[in-house]
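This is run.cif. It holds mmCIF, C-alpha atoms and all ligand atoms.
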```cif
data_data
#
loop_
_atom_site.group_PDB
_atom_site.id
_atom_site.type_symbol
_atom_site.label_atom_id
_atom_site.label_comp_id
_atom_site.auth_asym_id
_atom_site.auth_seq_id
_atom_site.Cartn_x
_atom_site.Cartn_y
_atom_site.Cartn_z
ATOM 1 C CA MET A 1 24.085 -6.531 -0.821
ATOM 2 C CA SER A 2 21.480 -5.425 1.700
ATOM 3 C CA ALA A 3 17.819 -5.127 0.743
ATOM 4 C CA HIS A 4 16.267 -1.863 -0.404
ATOM 5 C CA ILE A 5 13.689 -2.060 2.394
ATOM 6 C CA GLY A 6 14.278 -4.098 5.520
ATOM 7 C CA PHE A 7 12.031 -4.751 8.500
ATOM 8 C CA ARG A 8 14.198 -6.089 11.309
ATOM 9 C CA ASP A 9 12.294 -7.666 14.195
ATOM 10 C CA VAL A 10 9.845 -4.772 14.123
ATOM 11 C CA GLY A 11 7.229 -4.300 16.819
ATOM 12 C CA LYS A 12 4.727 -1.502 17.231
ATOM 13 C CA ARG A 13 2.699 -0.833 20.360
ATOM 14 C CA PHE A 14 0.115 1.870 20.819
ATOM 15 C CA ALA A 15 -0.829 3.519 24.088
ATOM 16 C CA VAL A 16 -4.532 2.936 24.711
ATOM 17 C CA ARG A 17 -6.928 3.240 27.621
ATOM 18 C CA ASP A 18 -8.320 -0.035 28.899
ATOM 19 C CA HIS A 19 -12.090 0.151 28.559
ATOM 20 C CA ALA A 20 -13.039 -1.629 31.768
ATOM 21 C CA SER A 21 -10.412 -0.344 34.205
ATOM 22 C CA ARG A 22 -9.939 3.038 32.478
ATOM 23 C CA ARG A 23 -6.214 2.522 33.037
ATOM 24 C CA ARG A 24 -3.548 3.223 30.471
ATOM 25 C CA ALA A 25 -2.553 0.102 28.598
ATOM 26 C CA GLU A 26 -0.457 -0.927 25.636
ATOM 27 C CA PHE A 27 -1.805 -2.500 22.517
ATOM 28 C CA THR A 28 0.569 -4.571 20.388
ATOM 29 C CA ALA A 29 -0.332 -4.097 16.737
ATOM 30 C CA VAL A 30 2.641 -5.883 15.119
ATOM 31 C CA GLN A 31 5.449 -7.931 16.599
ATOM 32 C CA GLY A 32 8.630 -9.577 15.341
ATOM 33 C CA VAL A 33 8.179 -8.530 11.719
ATOM 34 C CA ASP A 34 11.080 -9.478 9.473
ATOM 35 C CA LEU A 35 10.766 -8.721 5.793
ATOM 36 C CA ASP A 36 13.016 -7.626 2.947
ATOM 37 C CA VAL A 37 11.929 -5.898 -0.235
ATOM 38 C CA GLU A 38 14.331 -5.608 -3.148
ATOM 39 C CA ARG A 39 14.753 -2.495 -5.257
ATOM 40 C CA GLY A 40 12.219 -2.488 -8.078
ATOM 41 C CA GLU A 41 10.169 -5.266 -6.539
ATOM 42 C CA PHE A 42 6.355 -5.358 -6.389
ATOM 43 C CA LEU A 43 5.431 -6.712 -2.970
ATOM 44 C CA VAL A 44 1.850 -7.179 -1.796
ATOM 45 C CA LEU A 45 0.784 -7.381 1.857
ATOM 46 C CA VAL A 46 -2.378 -9.276 2.754
ATOM 47 C CA GLY A 47 -3.761 -10.225 6.148
ATOM 48 C CA PRO A 48 -6.905 -10.194 8.238
ATOM 49 C CA SER A 49 -8.484 -6.879 9.132
ATOM 50 C CA GLY A 50 -6.633 -5.172 11.970
ATOM 51 C CA CYS A 51 -3.461 -7.286 11.661
ATOM 52 C CA GLY A 52 -1.265 -4.231 11.181
ATOM 53 C CA LYS A 53 -0.863 -3.781 7.426
ATOM 54 C CA SER A 54 -1.415 -0.026 7.509
ATOM 55 C CA THR A 55 0.834 0.188 10.550
ATOM 56 C CA LEU A 56 3.670 -1.397 8.535
ATOM 57 C CA LEU A 57 3.054 1.033 5.682
ATOM 58 C CA ASP A 58 2.981 3.993 8.111
ATOM 59 C CA LEU A 59 6.319 2.832 9.501
ATOM 60 C CA LEU A 60 7.729 2.752 5.970
ATOM 61 C CA GLY A 61 6.257 6.169 5.263
ATOM 62 C CA GLY A 62 7.916 7.485 8.405
ATOM 63 C CA LEU A 63 4.558 8.571 9.840
ATOM 64 C CA THR A 64 5.231 6.578 12.979
ATOM 65 C CA GLU A 65 8.257 4.928 14.621
ATOM 66 C CA PRO A 66 8.721 1.312 15.647
ATOM 67 C CA SER A 67 8.519 0.477 19.370
ATOM 68 C CA GLU A 68 11.218 -2.084 18.758
ATOM 69 C CA GLY A 69 13.394 -3.220 15.892
ATOM 70 C CA GLN A 70 14.251 -1.185 12.830
ATOM 71 C CA VAL A 71 12.761 -0.240 9.501
ATOM 72 C CA LEU A 72 15.590 0.360 7.046
ATOM 73 C CA LEU A 73 15.701 2.047 3.680
ATOM 74 C CA ASP A 74 18.974 1.279 1.883
ATOM 75 C CA GLY A 75 20.388 0.242 5.241
ATOM 76 C CA VAL A 76 19.461 3.484 7.021
ATOM 77 C CA PRO A 77 16.709 3.599 9.681
ATOM 78 C CA ILE A 78 13.645 5.581 8.584
ATOM 79 C CA THR A 79 13.075 8.513 10.926
ATOM 80 C CA GLY A 80 10.361 10.480 9.143
ATOM 81 C CA PRO A 81 8.560 11.065 5.850
ATOM 82 C CA GLY A 82 10.703 11.770 2.803
ATOM 83 C CA LEU A 83 10.437 12.464 -0.904
ATOM 84 C CA ASP A 84 12.043 9.101 -1.600
ATOM 85 C CA ARG A 85 8.676 7.536 -0.654
ATOM 86 C CA GLY A 86 5.299 8.360 -2.225
ATOM 87 C CA VAL A 87 2.040 7.286 -0.621
ATOM 88 C CA VAL A 88 -1.324 6.514 -2.260
ATOM 89 C CA PHE A 89 -4.315 5.832 0.009
ATOM 90 C CA GLN A 90 -7.781 4.430 -0.627
ATOM 91 C CA GLN A 91 -9.245 7.894 -0.304
ATOM 92 C CA TYR A 92 -7.861 10.107 -2.978
ATOM 93 C CA ALA A 93 -6.906 13.010 -0.691
ATOM 94 C CA LEU A 94 -7.029 15.429 -3.614
ATOM 95 C CA LEU A 95 -7.554 19.142 -3.112
ATOM 96 C CA PRO A 96 -11.121 19.747 -4.388
ATOM 97 C CA TRP A 97 -10.456 23.364 -5.395
ATOM 98 C CA ARG A 98 -7.539 22.467 -7.625
ATOM 99 C CA THR A 99 -7.646 20.905 -11.076
ATOM 100 C CA ALA A 100 -5.993 17.556 -11.844
ATOM 101 C CA GLN A 101 -3.008 19.523 -13.095
ATOM 102 C CA GLY A 102 -3.077 21.726 -9.975
ATOM 103 C CA ASN A 103 -3.160 18.701 -7.698
ATOM 104 C CA VAL A 104 -0.094 17.159 -9.301
ATOM 105 C CA GLU A 105 1.672 20.537 -9.251
ATOM 106 C CA PHE A 106 0.833 20.852 -5.560
ATOM 107 C CA GLY A 107 2.892 17.717 -4.833
ATOM 108 C CA LEU A 108 5.736 19.222 -6.824
ATOM 109 C CA GLU A 109 5.510 22.516 -4.947
ATOM 110 C CA ALA A 110 5.767 20.627 -1.681
ATOM 111 C CA ALA A 111 8.803 18.809 -3.087
ATOM 112 C CA GLY A 112 10.460 22.147 -3.941
ATOM 113 C CA VAL A 113 10.428 21.676 -7.726
ATOM 114 C CA PRO A 114 10.976 25.108 -9.364
ATOM 115 C CA ARG A 115 7.772 26.733 -10.642
ATOM 116 C CA ARG A 116 8.804 26.735 -14.316
ATOM 117 C CA GLU A 117 9.313 22.966 -14.272
ATOM 118 C CA ARG A 118 6.081 22.086 -12.501
ATOM 119 C CA ALA A 119 3.559 22.481 -15.306
ATOM 120 C CA GLY A 120 5.505 20.342 -17.760
ATOM 121 C CA ARG A 121 6.252 17.662 -15.206
ATOM 122 C CA ALA A 122 2.610 17.516 -14.057
ATOM 123 C CA ARG A 123 1.409 17.112 -17.662
ATOM 124 C CA GLU A 124 3.969 14.391 -18.289
ATOM 125 C CA PHE A 125 2.749 12.332 -15.324
ATOM 126 C CA LEU A 126 -0.942 12.912 -16.033
ATOM 127 C CA ASP A 127 -0.173 11.596 -19.493
ATOM 128 C CA LEU A 128 1.611 8.566 -17.979
ATOM 129 C CA VAL A 129 -1.536 7.623 -16.020
ATOM 130 C CA GLY A 130 -3.739 8.105 -19.091
ATOM 131 C CA LEU A 131 -5.293 11.461 -18.186
ATOM 132 C CA ASN A 132 -4.206 13.394 -21.217
ATOM 133 C CA GLY A 133 -6.990 15.909 -21.922
ATOM 134 C CA PHE A 134 -8.328 15.929 -18.347
ATOM 135 C CA GLU A 135 -5.744 18.315 -16.882
ATOM 136 C CA ASP A 136 -8.232 21.123 -16.297
ATOM 137 C CA ARG A 137 -10.939 19.082 -14.593
ATOM 138 C CA HIS A 138 -11.594 19.416 -10.886
ATOM 139 C CA PRO A 139 -11.856 16.244 -8.760
ATOM 140 C CA HIS A 140 -15.682 16.368 -8.686
ATOM 141 C CA GLN A 141 -15.650 16.310 -12.508
ATOM 142 C CA LEU A 142 -13.619 13.090 -12.561
ATOM 143 C CA SER A 143 -14.670 9.475 -11.971
ATOM 144 C CA GLY A 144 -13.325 7.575 -8.959
ATOM 145 C CA GLY A 145 -10.815 5.759 -11.158
ATOM 146 C CA MET A 146 -9.618 9.021 -12.679
ATOM 147 C CA ARG A 147 -9.210 10.592 -9.242
ATOM 148 C CA GLN A 148 -7.080 7.695 -8.171
ATOM 149 C CA ARG A 149 -5.006 8.118 -11.337
ATOM 150 C CA VAL A 150 -4.435 11.749 -10.342
ATOM 151 C CA ALA A 151 -3.339 10.610 -6.866
ATOM 152 C CA ILE A 152 -0.900 8.144 -8.458
ATOM 153 C CA ALA A 153 0.423 10.821 -10.836
ATOM 154 C CA ARG A 154 0.891 13.187 -7.900
ATOM 155 C CA SER A 155 2.938 10.605 -5.999
ATOM 156 C CA LEU A 156 5.022 9.610 -9.013
ATOM 157 C CA ALA A 157 5.738 13.154 -10.205
ATOM 158 C CA TYR A 158 8.345 13.921 -7.574
ATOM 159 C CA ASP A 159 10.101 10.694 -8.478
ATOM 160 C CA PRO A 160 10.171 8.653 -5.250
ATOM 161 C CA THR A 161 12.020 5.331 -5.378
ATOM 162 C CA VAL A 162 9.283 3.631 -3.371
ATOM 163 C CA LEU A 163 5.525 3.763 -3.881
ATOM 164 C CA LEU A 164 3.470 2.831 -0.806
ATOM 165 C CA MET A 165 -0.126 1.953 -1.679
ATOM 166 C CA ASP A 166 -2.769 1.300 0.976
ATOM 167 C CA GLU A 167 -5.785 -0.341 -0.682
ATOM 168 C CA PRO A 168 -5.704 2.234 -3.459
ATOM 169 C CA PHE A 169 -8.334 0.517 -5.622
ATOM 170 C CA ALA A 170 -10.689 -0.752 -2.906
ATOM 171 C CA ALA A 171 -13.347 1.898 -3.522
ATOM 172 C CA LEU A 172 -13.534 1.328 -7.285
ATOM 173 C CA ASP A 173 -15.932 -0.824 -9.290
ATOM 174 C CA ALA A 174 -14.599 -4.155 -10.549
ATOM 175 C CA GLN A 175 -13.931 -3.089 -14.137
ATOM 176 C CA THR A 176 -12.193 0.162 -13.244
ATOM 177 C CA ARG A 177 -10.188 -1.723 -10.662
ATOM 178 C CA GLU A 178 -8.934 -4.255 -13.193
ATOM 179 C CA SER A 179 -7.978 -1.588 -15.682
ATOM 180 C CA LEU A 180 -6.110 0.371 -13.013
ATOM 181 C CA GLN A 181 -4.278 -2.786 -11.985
ATOM 182 C CA ASP A 182 -3.011 -3.148 -15.569
ATOM 183 C CA GLU A 183 -2.205 0.538 -15.659
ATOM 184 C CA LEU A 184 -0.213 0.285 -12.442
ATOM 185 C CA LEU A 185 1.753 -2.734 -13.715
ATOM 186 C CA ARG A 186 2.562 -0.843 -16.906
ATOM 187 C CA ILE A 187 3.739 2.190 -14.908
ATOM 188 C CA TRP A 188 5.720 -0.007 -12.546
ATOM 189 C CA ARG A 189 7.513 -1.647 -15.479
ATOM 190 C CA ARG A 190 8.208 1.696 -17.080
ATOM 191 C CA THR A 191 9.449 3.505 -13.975
ATOM 192 C CA GLY A 192 11.152 0.677 -12.078
ATOM 193 C CA LYS A 193 9.702 1.835 -8.739
ATOM 194 C CA THR A 194 9.642 -0.389 -5.702
ATOM 195 C CA VAL A 195 5.974 -0.926 -4.820
ATOM 196 C CA VAL A 196 4.558 -2.052 -1.472
ATOM 197 C CA PHE A 197 0.834 -2.591 -1.935
ATOM 198 C CA ILE A 198 -1.858 -3.497 0.614
ATOM 199 C CA THR A 199 -5.049 -5.226 -0.442
ATOM 200 C CA HIS A 200 -7.871 -7.331 0.956
ATOM 201 C CA SER A 201 -8.431 -8.916 -2.420
ATOM 202 C CA ILE A 202 -6.647 -12.223 -2.989
ATOM 203 C CA ASP A 203 -7.169 -11.872 -6.742
ATOM 204 C CA GLU A 204 -5.596 -8.438 -6.731
ATOM 205 C CA ALA A 205 -2.656 -9.720 -4.662
ATOM 206 C CA VAL A 206 -1.969 -12.598 -7.068
ATOM 207 C CA TYR A 207 -2.445 -10.449 -10.145
ATOM 208 C CA LEU A 208 -0.101 -7.677 -9.009
ATOM 209 C CA GLY A 209 2.495 -9.172 -6.728
ATOM 210 C CA GLN A 210 5.860 -10.657 -7.555
ATOM 211 C CA ARG A 211 5.644 -11.840 -3.975
ATOM 212 C CA VAL A 212 2.706 -11.835 -1.589
ATOM 213 C CA ALA A 213 3.448 -11.550 2.138
ATOM 214 C CA VAL A 214 0.652 -13.047 4.236
ATOM 215 C CA LEU A 215 0.426 -11.637 7.758
ATOM 216 C CA THR A 216 -0.959 -13.369 10.832
ATOM 217 C CA SER A 217 -3.844 -11.971 12.846
ATOM 218 C CA ARG A 218 -3.029 -9.537 15.635
ATOM 219 C CA PRO A 219 -0.290 -9.050 16.600
ATOM 220 C CA GLY A 220 0.698 -9.140 12.971
ATOM 221 C CA ARG A 221 3.832 -10.926 11.865
ATOM 222 C CA VAL A 222 4.840 -12.427 8.552
ATOM 223 C CA LYS A 223 3.299 -15.873 8.239
ATOM 224 C CA GLU A 224 4.628 -16.728 4.791
ATOM 225 C CA VAL A 225 5.902 -14.974 1.707
ATOM 226 C CA VAL A 226 4.611 -16.572 -1.496
ATOM 227 C CA PRO A 227 6.501 -15.918 -4.763
ATOM 228 C CA ILE A 228 4.055 -15.553 -7.658
ATOM 229 C CA GLU A 229 5.546 -16.804 -10.884
ATOM 230 C CA LEU A 230 3.064 -15.769 -13.522
ATOM 231 C CA GLY A 231 5.384 -13.759 -15.765
ATOM 232 C CA ASP A 232 4.304 -10.528 -17.362
ATOM 233 C CA ARG A 233 0.600 -10.126 -16.544
ATOM 234 C CA VAL A 234 -0.362 -7.415 -18.990
ATOM 235 C CA GLY A 235 -1.301 -8.842 -22.358
ATOM 236 C CA GLN A 236 -1.994 -12.386 -21.106
ATOM 237 C CA VAL A 237 -5.551 -13.151 -22.135
ATOM 238 C CA ASP A 238 -7.823 -13.991 -19.193
ATOM 239 C CA LEU A 239 -4.934 -14.830 -16.886
ATOM 240 C CA ARG A 240 -7.277 -14.786 -13.893
ATOM 241 C CA SER A 241 -9.080 -17.881 -15.251
ATOM 242 C CA SER A 242 -5.919 -19.956 -15.683
ATOM 243 C CA THR A 243 -5.190 -22.989 -13.508
ATOM 244 C CA GLU A 244 -1.914 -21.486 -12.357
ATOM 245 C CA PHE A 245 -3.670 -18.357 -11.176
ATOM 246 C CA ALA A 246 -6.245 -20.497 -9.358
ATOM 247 C CA ARG A 247 -3.456 -22.437 -7.676
ATOM 248 C CA TYR A 248 -1.894 -19.266 -6.257
ATOM 249 C CA ARG A 249 -5.303 -17.911 -5.288
ATOM 250 C CA HIS A 250 -6.042 -21.088 -3.362
ATOM 251 C CA ARG A 251 -2.646 -21.108 -1.633
ATOM 252 C CA ILE A 252 -3.065 -17.536 -0.358
ATOM 253 C CA TRP A 253 -6.685 -18.249 0.595
ATOM 254 C CA GLU A 254 -5.543 -21.229 2.673
ATOM 255 C CA LEU A 255 -2.905 -19.170 4.455
ATOM 256 C CA LEU A 256 -5.383 -16.383 5.145
ATOM 257 C CA HIS A 257 -8.316 -18.529 6.115
ATOM 258 C CA ASP A 258 -6.981 -19.658 9.507
ATOM 259 C CA GLU A 259 -5.819 -16.153 10.327
ATOM 260 C CA VAL A 260 -9.155 -14.584 9.499
ATOM 261 C CA SER A 261 -10.923 -17.141 11.742
ATOM 262 C CA ARG A 262 -8.487 -16.348 14.533
ATOM 263 C CA ALA A 263 -9.008 -12.612 14.082
ATOM 264 C CA GLN A 264 -12.791 -13.044 14.233
ATOM 265 C CA GLN A 265 -12.465 -15.105 17.403
ATOM 266 C CA GLN A 266 -10.282 -12.361 18.964
ATOM 267 C CA GLU A 267 -12.898 -9.756 18.084
ATOM 268 C CA LYS A 268 -15.654 -11.825 19.713
ATOM 269 C CA GLU A 269 -13.566 -12.167 22.859
ATOM 270 C CA VAL A 270 -12.971 -8.411 23.004
ATOM 271 C CA ALA A 271 -16.659 -7.694 22.410
ATOM 272 C CA GLY A 272 -17.677 -10.188 25.077
ATOM 273 C CA GLY A 273 -15.223 -8.598 27.572
HETATM 274 N N1 LIG A 301 -2.996 5.172 16.736
HETATM 275 C C1 LIG A 301 -3.464 4.006 17.196
HETATM 276 N N2 LIG A 301 -3.781 3.854 18.497
HETATM 277 C C2 LIG A 301 -4.240 2.679 18.974
HETATM 278 N N3 LIG A 301 -4.401 1.576 18.213
HETATM 279 C C3 LIG A 301 -4.117 1.661 16.906
HETATM 280 C C4 LIG A 301 -3.636 2.883 16.326
HETATM 281 N N4 LIG A 301 -3.426 2.671 15.001
HETATM 282 C C5 LIG A 301 -3.775 1.389 14.764
HETATM 283 N N5 LIG A 301 -4.181 0.784 15.913
HETATM 284 C C6 LIG A 301 -4.610 -0.608 16.061
HETATM 285 O O1 LIG A 301 -3.586 -1.448 15.572
HETATM 286 C C7 LIG A 301 -4.134 -2.566 14.867
HETATM 287 C C8 LIG A 301 -3.573 -2.598 13.474
HETATM 288 O O2 LIG A 301 -4.152 -1.535 12.724
HETATM 289 P P1 LIG A 301 -3.903 -1.365 11.162
HETATM 290 O O3 LIG A 301 -4.725 -0.220 10.706
HETATM 291 O O4 LIG A 301 -2.451 -1.341 10.913
HETATM 292 O O5 LIG A 301 -4.507 -2.742 10.623
HETATM 293 P P2 LIG A 301 -4.830 -3.183 9.118
HETATM 294 O O6 LIG A 301 -4.309 -4.558 8.957
HETATM 295 O O7 LIG A 301 -4.359 -2.150 8.170
HETATM 296 O O8 LIG A 301 -6.417 -3.188 9.179
HETATM 297 P P3 LIG A 301 -7.495 -3.112 7.980
HETATM 298 O O9 LIG A 301 -7.197 -4.256 7.085
HETATM 299 O O10 LIG A 301 -8.800 -3.268 8.689
HETATM 300 O O11 LIG A 301 -7.323 -1.773 7.327
HETATM 301 C C9 LIG A 301 -5.643 -2.392 14.898
HETATM 302 O O12 LIG A 301 -6.183 -3.226 15.907
HETATM 303 C C10 LIG A 301 -5.844 -0.934 15.223
HETATM 304 O O13 LIG A 301 -7.023 -0.740 15.976
#
```

Take the structure in the file and give it back as structure tokens.
Amino acid sequence: MSAHIGFRDVGKRFAVRDHASRRRAEFTAVQGVDLDVERGEFLVLVGPSGCGKSTLLDLLGGLTEPSEGQVLLDGVPITGPGLDRGVVFQQYALLPWRTAQGNVEFGLEAAGVPRRERAGRAREFLDLVGLNGFEDRHPHQLSGGMRQRVAIARSLAYDPTVLLMDEPFAALDAQTRESLQDELLRIWRRTGKTVVFITHSIDEAVYLGQRVAVLTSRPGRVKEVVPIELGDRVGQVDLRSSTEFARYRHRIWELLHDEVSRAQQQEKEVAGG
């Protein structure tokens, strides 16, 4: 059986203007990316800054097309955005003039859900993310963590099969972040969604991922995919302090370390002309 999501030798180049010569040039963001994600899997992408993680997520979201290779969903090339994929970014992208309920309903409107179903569905998903009782609050009356819960509820409400998350918890304080990680794992278990999650945090990657794909520095390609066998995270007391967790953390750190050094060297070279 073919994978739910498949990157097949994917490359992405962007047209840029060369600074010195002012000529048009091409910038290779990712190259030769091969990666499969199974239905219902939780896959985390990590890699040095600028290695192309968001580019890979944009390709999956259908916001951009590959310059070469294919990005497949159930064997079919992705050609644009679709309701089968929900996206959650670092910035909440909520409508400030709408309540939490109104924001979730907005996603449902866009998805063409009949008006009479929207209110009930929005409440159901706000409840799922733990926002029961906060339906009538506007974004400025909610904490950062709550706003991100609304964004997650909005993406889940129209029932995509895939949830694409680009550093969704990066702007949150450590405690809120950890509680949202647990919340997300609980939701993932309950809904069976396929999750592709980008983070800069090695701890977050190990805690959330069933597999962690480490990317190389620019142009990004898959360096190694590390399976994380820690069982069901939620409910394990202080899992992050266990030796097993530390072992995975160290392995990913090692893989990343060389790439981050290489990326920094590349940046220095660019800066120095
Ligand atoms: N539209 C664009 N035009 C030109 N270059 C782009 C464009 N979008 C992204 N890039 C470049 O492609 C590379 C990959 O960008 P991308 O945002 O995917 O990296 P990233 O790994 O998500 O970075 P970070 O971890 O810092 O968020 C970067 O060097 C970026 O400057």

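When the PyMOL selection byres (((not hetatm)) within 7 of (chain A and resi 301)) is evaluated against the file, it yields Phe14, Ala15, Val16, Phe27, Ala29, Gly47, Pro48, Ser49, Gly50, Cys51, Gly52, Lys53, Ser54, Thr55, Leu56 and His200 of chain A.
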
In the coordinates of the file, take the point (-4.9, -18.0, 0.3) and a cut-off of 10 Å; then, counting only C-alpha atoms, name each qualifying protein, DNA or RNA residue as number ranges by chain.
A: 46-47, 202-203, 205-206, 212, 214, 226, 247-258

Hits from the PyMOL selection byres (((chain A and resi 127) around 12) and not hetatm), listed as a PyMOL selection string:
chain A and resi 100-101+104+120-126+128-135+146+149-150+152-154+156-157+183+187

(-5.3, -2.9, -2.7) in this file's frame - what residues fall within 7 Å of it? Use all atoms listed in the file and give the answer as JSON, numbers by chain.
{"A": [166, 167, 168, 169, 170, 197, 198, 199, 200, 201, 204]}

Using all atoms listed in the file, which residues sit within 8 Å of Leu163 of chain A once same-chain residues fewer than 2 positions away are excluded, as an MDAnalysis selection string?
chainID A and resid 85:88 155:156 160:161 165 193:196

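We find atom CA of Gly231 of chain A and atom CA of Glu178 of chain A to be spaced 17.4 Å apart.
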
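Here the PyMOL selection byres (((chain A and resi 63) around 10) and not hetatm) catches exactly these residues: Thr55, Leu57, Asp58, Leu59, Leu60, Gly61, Gly62, Thr64, Glu65, Ile78, Thr79, Gly80, Pro81 and Gly82 of chain A.
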
Please, could you write that set of residues out with C-alpha atoms as a PDB file, in the frame of the given file?
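Saved the output as out.pdb:
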```
ATOM      1  CA  THR A  55       0.834   0.188  10.550  1.00  0.00           C
ATOM      2  CA  LEU A  57       3.054   1.033   5.682  1.00  0.00           C
ATOM      3  CA  ASP A  58       2.981   3.993   8.111  1.00  0.00           C
ATOM      4  CA  LEU A  59       6.319   2.832   9.501  1.00  0.00           C
ATOM      5  CA  LEU A  60       7.729   2.752   5.970  1.00  0.00           C
ATOM      6  CA  GLY A  61       6.257   6.169   5.263  1.00  0.00           C
ATOM      7  CA  GLY A  62       7.916   7.485   8.405  1.00  0.00           C
ATOM      8  CA  THR A  64       5.231   6.578  12.979  1.00  0.00           C
ATOM      9  CA  GLU A  65       8.257   4.928  14.621  1.00  0.00           C
ATOM     10  CA  ILE A  78      13.645   5.581   8.584  1.00  0.00           C
ATOM     11  CA  THR A  79      13.075   8.513  10.926  1.00  0.00           C
ATOM     12  CA  GLY A  80      10.361  10.480   9.143  1.00  0.00           C
ATOM     13  CA  PRO A  81       8.560  11.065   5.850  1.00  0.00           C
ATOM     14  CA  GLY A  82      10.703  11.770   2.803  1.00  0.00           C
TER      15      GLY A  82
END
```

Taking all atoms listed in the file into account, which of A:Gln266, A:Gln175, A:Gln70, A:Gln148 comes nearest Val33 of chain A?
A:Gln70

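Atom CA of Arg115 of chain A to atom CA of Leu83 of chain A spans 17.5 Å [interatomic distance, one decimal].
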
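Rounded to one decimal, atom CA of Arg24 of chain A and atom CA of Glu259 of chain A lie 28.0 Å from each other.
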